[in-house]
Every structure is written in structure tokens, then in C-alpha cells.
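Participant: The structure that follows is given in the form of C-alpha cells.
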Amino acid sequence: MKEIRHEPVAPTRTQWLAPGAAIDPHRHDDHQIVYAGRGVLAVTTSTGLWIAPATRAIWVPAGTVHAHQAHGELALHLVGLPASENPLNLAEPAVLTVGPLLRELILAHTDAPPDERPESPERARLRAVLLDQLRVSPQQPVHLPTPSSPQLKAVCEILRTNPADNRTLPALGREVGASDRTLSRLFKADLGMTFPQWRTQLRLYRALVLLAEDTPVTTVAHRCGWSSASAFIDVFRRSFGHTPGAHRPRS
């Protein structure tokens, strides 16, 4: 990562980012909820890449160095929380499901005019309900852990360059000089998931990016390695609870 900025207070606000725009690595002394009301957000930390479409929010614990990347036009909603207040009881980043109620609470809380930011009784009640909803939000991550093993890095880079590469782990292992048994062990030990699980996460991440860029669903399916649009739609629906069409940009 580049030079790290220290911003003690995690802001509560809404801001717009143009497609491809980024916010450099920084850290807060507060916790923060990061939510993309429009577009797809990628948050990079030392442990990997966290992806959040409009049905997900990212929990960023106090002190975590993180950077933002916008895919598509991004409506970025930020909710800062004091380090002493951890409704999720989590010390690591996480991706949370955002249902209709939690979405509206985040939008209302972050869209308030600056002169309404002080804690009025109405705003305090809104914030309390928001925290209650966060506590019961299930974790459903799209997370790409960062490998540390050189051999594993080589395999992951091949697939990052071309997610449609359908070679088996033994075939990829021959290219990087490692057995499939060694690579399988490294995926579980280094990344906490199997090779098929990691590749599916990578493909879903790339699919979200392409959808945010208004790429047709069939094209997304083939670029990301699915044999057909129907196979892609099935995996996408099981992962996110709805079809890829919901992530196409609104006019």
C-alpha cells in the first residue's frame, strides 16, 4: 500500500465517486460501516479484497488500514462509530447483508444535512435502530484473501488476469512448479478456503465489476468462466439472493 493517512474520526456522510475513482489507504481511530447505495465498492485491506454491491455493507474496525475503489458510479455512504461501540463484536473486516430496512436506515443516517448531525433525540433513535439492525445482519462475504506463498501468488495472479481460465489445479500447478496437493494445502492454510471456493469468489468479484460497467449478462458469464448465462445466473442468485440484472446501473 501507499503512504497511509491517519484520519482520527471516521466520518458519517454520503459522497459520490466517479467510475474508477479511488480513495487512498487510510485508517481511523473509529469503526466504520461502508455501504454503496449505487455501484460496486471494493475495499482493500492487508488481508485481502472485500467486495460490496448494494445488498452488502463492509464493516471496517478501528485502526484497519483500508482503501476504496469505485466500480461504476458509486454512491458511498459512510457511518462512523466510536471505537468503544462495536455492535458486531468483530475485530476483523466483514461483509454484512443489507436488507431493505437496514438500507433505508443507512441512507437516512448518512444523508442528513450537516446542521442535523448533532445528536438530537430523533437522530439518536434512528441510530439506535440502525445499530440493532447491524447486530442481526448475517455475514455473507465476497472476500478475496491475499496469498503469502509465492507459488500460491503465482496461481492467483494467473486467474486474476483471466478469470475464464478453466484449467484444473494440477494444470496450473505445472505452470508454477508446484503439485496440486501442495497448492490445495496452501489454499486452505493460507487463504482459509479451497481452490474452487476461491475461484468462485474471484469470478463473482469480476462479475460485479463488469455488471457495474453495464456489461451484458451473457458477456459477463463468458468473461468470468461460466459455461452459460444460466449457470452464471444460478450461482449469482445463490450467492446474492437475486439475479445479476439487479446490479446493472440504473438510468
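Identifiers for the C-alpha cells are assigned positionally: chains receive A, B, ... in sequence, residues are indexed from 1 per chain, and ligands are indexed from 1 in the order shown.
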For Thr182 of chain A, work out the shell of residues within 12 Å, counting only C-alpha atoms and skipping chain neighbours fewer than 2 positions away, then give it as a ChimeraX atom specification.

Facilitator: /A:149,151-152,169-170,172-174,176-180,184-190,195

Participant: Emit the selected residues as a short mmCIF file (atom, residue, chain, number, x, y, z; two decimals), in the first residue's frame, including all heavy atoms.

Facilitator:
```
data_model
loop_
_atom_site.label_atom_id
_atom_site.label_comp_id
_atom_site.auth_asym_id
_atom_site.auth_seq_id
_atom_site.Cartn_x
_atom_site.Cartn_y
_atom_site.Cartn_z
N SER A 149 2.18 -17.18 0.06
CA SER A 149 3.10 -18.13 -0.57
C SER A 149 3.39 -17.71 -2.01
O SER A 149 2.46 -17.41 -2.77
CB SER A 149 2.49 -19.53 -0.56
OG SER A 149 3.09 -20.35 -1.53
N GLN A 151 4.21 -19.49 -4.62
CA GLN A 151 3.55 -20.38 -5.58
C GLN A 151 2.06 -20.08 -5.66
O GLN A 151 1.47 -20.07 -6.74
CB GLN A 151 3.80 -21.84 -5.18
CG GLN A 151 5.26 -22.27 -5.30
CD GLN A 151 5.52 -23.60 -4.65
OE1 GLN A 151 5.02 -23.88 -3.56
NE2 GLN A 151 6.29 -24.44 -5.32
N LEU A 152 1.45 -19.82 -4.51
CA LEU A 152 0.03 -19.51 -4.50
C LEU A 152 -0.23 -18.15 -5.15
O LEU A 152 -1.21 -17.98 -5.88
CB LEU A 152 -0.49 -19.52 -3.06
CG LEU A 152 -1.98 -19.74 -2.87
CD1 LEU A 152 -2.44 -21.02 -3.55
CD2 LEU A 152 -2.33 -19.77 -1.38
N LEU A 169 -6.43 -27.47 -11.14
CA LEU A 169 -5.33 -27.14 -10.24
C LEU A 169 -4.03 -27.87 -10.62
O LEU A 169 -2.95 -27.25 -10.59
CB LEU A 169 -5.72 -27.43 -8.80
CG LEU A 169 -4.82 -26.82 -7.71
CD1 LEU A 169 -4.74 -25.31 -7.86
CD2 LEU A 169 -5.34 -27.19 -6.32
N PRO A 170 -4.08 -29.16 -11.00
CA PRO A 170 -2.84 -29.81 -11.45
C PRO A 170 -2.22 -29.10 -12.65
O PRO A 170 -0.98 -28.95 -12.71
CB PRO A 170 -3.30 -31.23 -11.81
CG PRO A 170 -4.49 -31.47 -10.95
CD PRO A 170 -5.18 -30.15 -10.87
N LEU A 172 -2.53 -25.89 -13.51
CA LEU A 172 -1.97 -24.63 -13.05
C LEU A 172 -0.69 -24.88 -12.24
O LEU A 172 0.27 -24.10 -12.32
CB LEU A 172 -2.99 -23.88 -12.19
CG LEU A 172 -4.21 -23.33 -12.94
CD1 LEU A 172 -5.30 -22.92 -11.96
CD2 LEU A 172 -3.81 -22.15 -13.82
N GLY A 173 -0.70 -25.96 -11.46
CA GLY A 173 0.48 -26.29 -10.67
C GLY A 173 1.69 -26.56 -11.54
O GLY A 173 2.82 -26.18 -11.20
N ARG A 174 1.49 -27.22 -12.68
CA ARG A 174 2.61 -27.48 -13.58
C ARG A 174 3.22 -26.18 -14.09
O ARG A 174 4.43 -26.09 -14.31
CB ARG A 174 2.16 -28.37 -14.75
CG ARG A 174 1.91 -29.83 -14.35
CD ARG A 174 1.75 -30.73 -15.56
NE ARG A 174 0.50 -30.48 -16.26
CZ ARG A 174 -0.66 -31.07 -15.96
NH1 ARG A 174 -0.72 -31.92 -14.94
NH2 ARG A 174 -1.75 -30.81 -16.65
N VAL A 176 3.35 -23.28 -12.47
CA VAL A 176 4.08 -22.54 -11.43
C VAL A 176 5.08 -23.42 -10.68
O VAL A 176 5.74 -22.94 -9.76
CB VAL A 176 3.08 -21.91 -10.43
CG1 VAL A 176 2.11 -21.01 -11.15
CG2 VAL A 176 2.34 -22.97 -9.61
N GLY A 177 5.17 -24.69 -11.04
CA GLY A 177 6.15 -25.57 -10.43
C GLY A 177 5.76 -26.09 -9.05
O GLY A 177 6.60 -26.17 -8.15
N ALA A 178 4.49 -26.43 -8.89
CA ALA A 178 4.02 -26.97 -7.61
C ALA A 178 2.99 -28.06 -7.87
O ALA A 178 2.25 -28.00 -8.86
CB ALA A 178 3.41 -25.87 -6.75
N SER A 179 2.94 -29.05 -7.00
CA SER A 179 1.95 -30.11 -7.15
C SER A 179 0.58 -29.62 -6.73
O SER A 179 0.45 -28.67 -5.96
CB SER A 179 2.35 -31.33 -6.30
OG SER A 179 2.21 -31.03 -4.92
N ASP A 180 -0.45 -30.28 -7.27
CA ASP A 180 -1.80 -29.88 -6.88
C ASP A 180 -2.04 -30.15 -5.39
O ASP A 180 -2.79 -29.42 -4.73
CB ASP A 180 -2.84 -30.61 -7.74
CG ASP A 180 -2.75 -32.12 -7.59
OD1 ASP A 180 -1.63 -32.66 -7.63
OD2 ASP A 180 -3.81 -32.76 -7.46
N SER A 184 -3.33 -27.29 -2.99
CA SER A 184 -4.56 -27.49 -2.22
C SER A 184 -4.35 -27.20 -0.74
O SER A 184 -5.18 -26.55 -0.10
CB SER A 184 -5.07 -28.93 -2.39
OG SER A 184 -5.50 -29.17 -3.70
N ARG A 185 -3.21 -27.67 -0.23
CA ARG A 185 -2.88 -27.42 1.18
C ARG A 185 -2.70 -25.92 1.42
O ARG A 185 -3.17 -25.37 2.43
CB ARG A 185 -1.62 -28.18 1.57
CG ARG A 185 -1.15 -27.91 2.99
CD ARG A 185 0.09 -28.73 3.32
NE ARG A 185 1.16 -28.52 2.37
CZ ARG A 185 1.98 -27.46 2.38
NH1 ARG A 185 1.80 -26.51 3.29
NH2 ARG A 185 2.94 -27.35 1.50
N LEU A 186 -2.03 -25.23 0.50
CA LEU A 186 -1.77 -23.80 0.65
C LEU A 186 -3.06 -22.99 0.60
O LEU A 186 -3.22 -22.01 1.34
CB LEU A 186 -0.79 -23.32 -0.42
CG LEU A 186 0.66 -23.76 -0.25
CD1 LEU A 186 1.48 -23.38 -1.48
CD2 LEU A 186 1.26 -23.13 1.01
N PHE A 187 -3.98 -23.37 -0.28
CA PHE A 187 -5.25 -22.65 -0.35
C PHE A 187 -5.97 -22.71 0.99
O PHE A 187 -6.49 -21.69 1.48
CB PHE A 187 -6.14 -23.22 -1.46
CG PHE A 187 -6.01 -22.51 -2.78
CD1 PHE A 187 -5.27 -23.07 -3.81
CD2 PHE A 187 -6.62 -21.28 -2.99
CE1 PHE A 187 -5.14 -22.42 -5.03
CE2 PHE A 187 -6.50 -20.63 -4.20
CZ PHE A 187 -5.76 -21.20 -5.23
N LYS A 188 -5.99 -23.86 1.61
CA LYS A 188 -6.69 -23.99 2.89
C LYS A 188 -5.94 -23.31 4.03
O LYS A 188 -6.53 -22.64 4.87
CB LYS A 188 -6.90 -25.47 3.20
CG LYS A 188 -7.90 -26.15 2.26
CD LYS A 188 -8.06 -27.62 2.61
CE LYS A 188 -9.03 -28.31 1.66
NZ LYS A 188 -9.17 -29.75 1.93
N ALA A 189 -4.60 -23.48 4.04
CA ALA A 189 -3.80 -22.93 5.14
C ALA A 189 -3.62 -21.42 5.01
O ALA A 189 -3.66 -20.69 6.01
CB ALA A 189 -2.44 -23.63 5.19
N ASP A 190 -3.39 -20.94 3.79
CA ASP A 190 -3.05 -19.53 3.57
C ASP A 190 -4.29 -18.65 3.38
O ASP A 190 -4.32 -17.50 3.81
CB ASP A 190 -2.16 -19.43 2.33
CG ASP A 190 -1.27 -18.20 2.34
OD1 ASP A 190 -1.32 -17.45 3.33
OD2 ASP A 190 -0.54 -17.97 1.36
N PHE A 195 -9.56 -24.34 -3.41
CA PHE A 195 -9.33 -23.73 -4.72
C PHE A 195 -10.63 -23.41 -5.44
O PHE A 195 -10.81 -22.28 -5.93
CB PHE A 195 -8.45 -24.66 -5.57
CG PHE A 195 -8.36 -24.26 -7.01
CD1 PHE A 195 -7.80 -23.04 -7.38
CD2 PHE A 195 -8.84 -25.10 -8.01
CE1 PHE A 195 -7.72 -22.66 -8.73
CE2 PHE A 195 -8.77 -24.73 -9.34
CZ PHE A 195 -8.21 -23.51 -9.70
#
```

Participant: Could you give me, as a PyMOL selection string, the residues within 7 Å of Trp16 of chain A, counting only C-alpha atoms and dropping anything in the same chain fewer than 4 positions from it?

Facilitator: chain A and resi 74-76

Participant: Please return, as a PyMOL selection string, all residues of segment 5-249 of chain A that DSSP assigns to strand (DSSP E or B) on the basis of the backbone.

Facilitator: chain A and resi 5-6+13-17+22-27+31-45+48-52+56-60+66-81+94-97+139+143-145

Participant: So which residues touch Tyr205 of chain A within 12 Å, counting only C-alpha atoms, skipping near sequence neighbours fewer than 2 positions away, as an MDAnalysis selection string?

Facilitator: chainID A and resid 40:43 49:53 71 141:144 160 163 198:203 207:212 220 224 236 239:240

Participant: Would you list the contacts of Arg103 of chain A as a PyMOL selection string, taking every protein, DNA or RNA residue within 9 Å and counting only C-alpha atoms, but skipping same-chain residues closer than 6 positions in sequence?

Facilitator: chain A and resi 35+37+54-55

Participant: Selection from above, N, CA, C and O atoms, as a PDB file, in the first residue's frame, can you write it?

Facilitator:
```pdb
ATOM      1  N   TYR A  35     -20.966   1.546   2.834  1.00  0.00           N
ATOM      2  CA  TYR A  35     -22.061   0.998   2.047  1.00  0.00           C
ATOM      3  C   TYR A  35     -22.168   1.725   0.712  1.00  0.00           C
ATOM      4  O   TYR A  35     -22.106   2.959   0.653  1.00  0.00           O
ATOM      5  N   GLY A  37     -24.677   2.615  -1.997  1.00  0.00           N
ATOM      6  CA  GLY A  37     -26.087   2.659  -2.371  1.00  0.00           C
ATOM      7  C   GLY A  37     -26.285   2.489  -3.857  1.00  0.00           C
ATOM      8  O   GLY A  37     -27.365   2.108  -4.316  1.00  0.00           O
ATOM      9  N   ALA A  54     -24.847  -3.357  -3.768  1.00  0.00           N
ATOM     10  CA  ALA A  54     -25.851  -2.618  -2.992  1.00  0.00           C
ATOM     11  C   ALA A  54     -26.605  -3.464  -1.975  1.00  0.00           C
ATOM     12  O   ALA A  54     -27.375  -2.921  -1.179  1.00  0.00           O
ATOM     13  N   THR A  55     -26.389  -4.775  -1.962  1.00  0.00           N
ATOM     14  CA  THR A  55     -27.030  -5.630  -0.960  1.00  0.00           C
ATOM     15  C   THR A  55     -26.075  -5.990   0.179  1.00  0.00           C
ATOM     16  O   THR A  55     -26.385  -6.841   1.002  1.00  0.00           O
TER      17      THR A  55
END
```

Participant: Suppose you want the space between atom CA of Leu78 of chain A and atom CA of Arg13 of chain A; what is it in Å?

Facilitator: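 Computing it gives 5.3 Å between the two atoms.
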
Participant: Under the rule that only C-alpha atoms are counted, which of A:Glu73, A:Glu175, A:Glu157, A:Glu7 is the nearest residue to Glu213 of chain A?

Facilitator: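 The closest residue to Glu213 of chain A is A:Glu73.
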
Participant: To one decimal place, how far is atom CA of Ile106 of chain A from atom CA of Ile23 of chain A in Å?

Facilitator: 20.5 Å
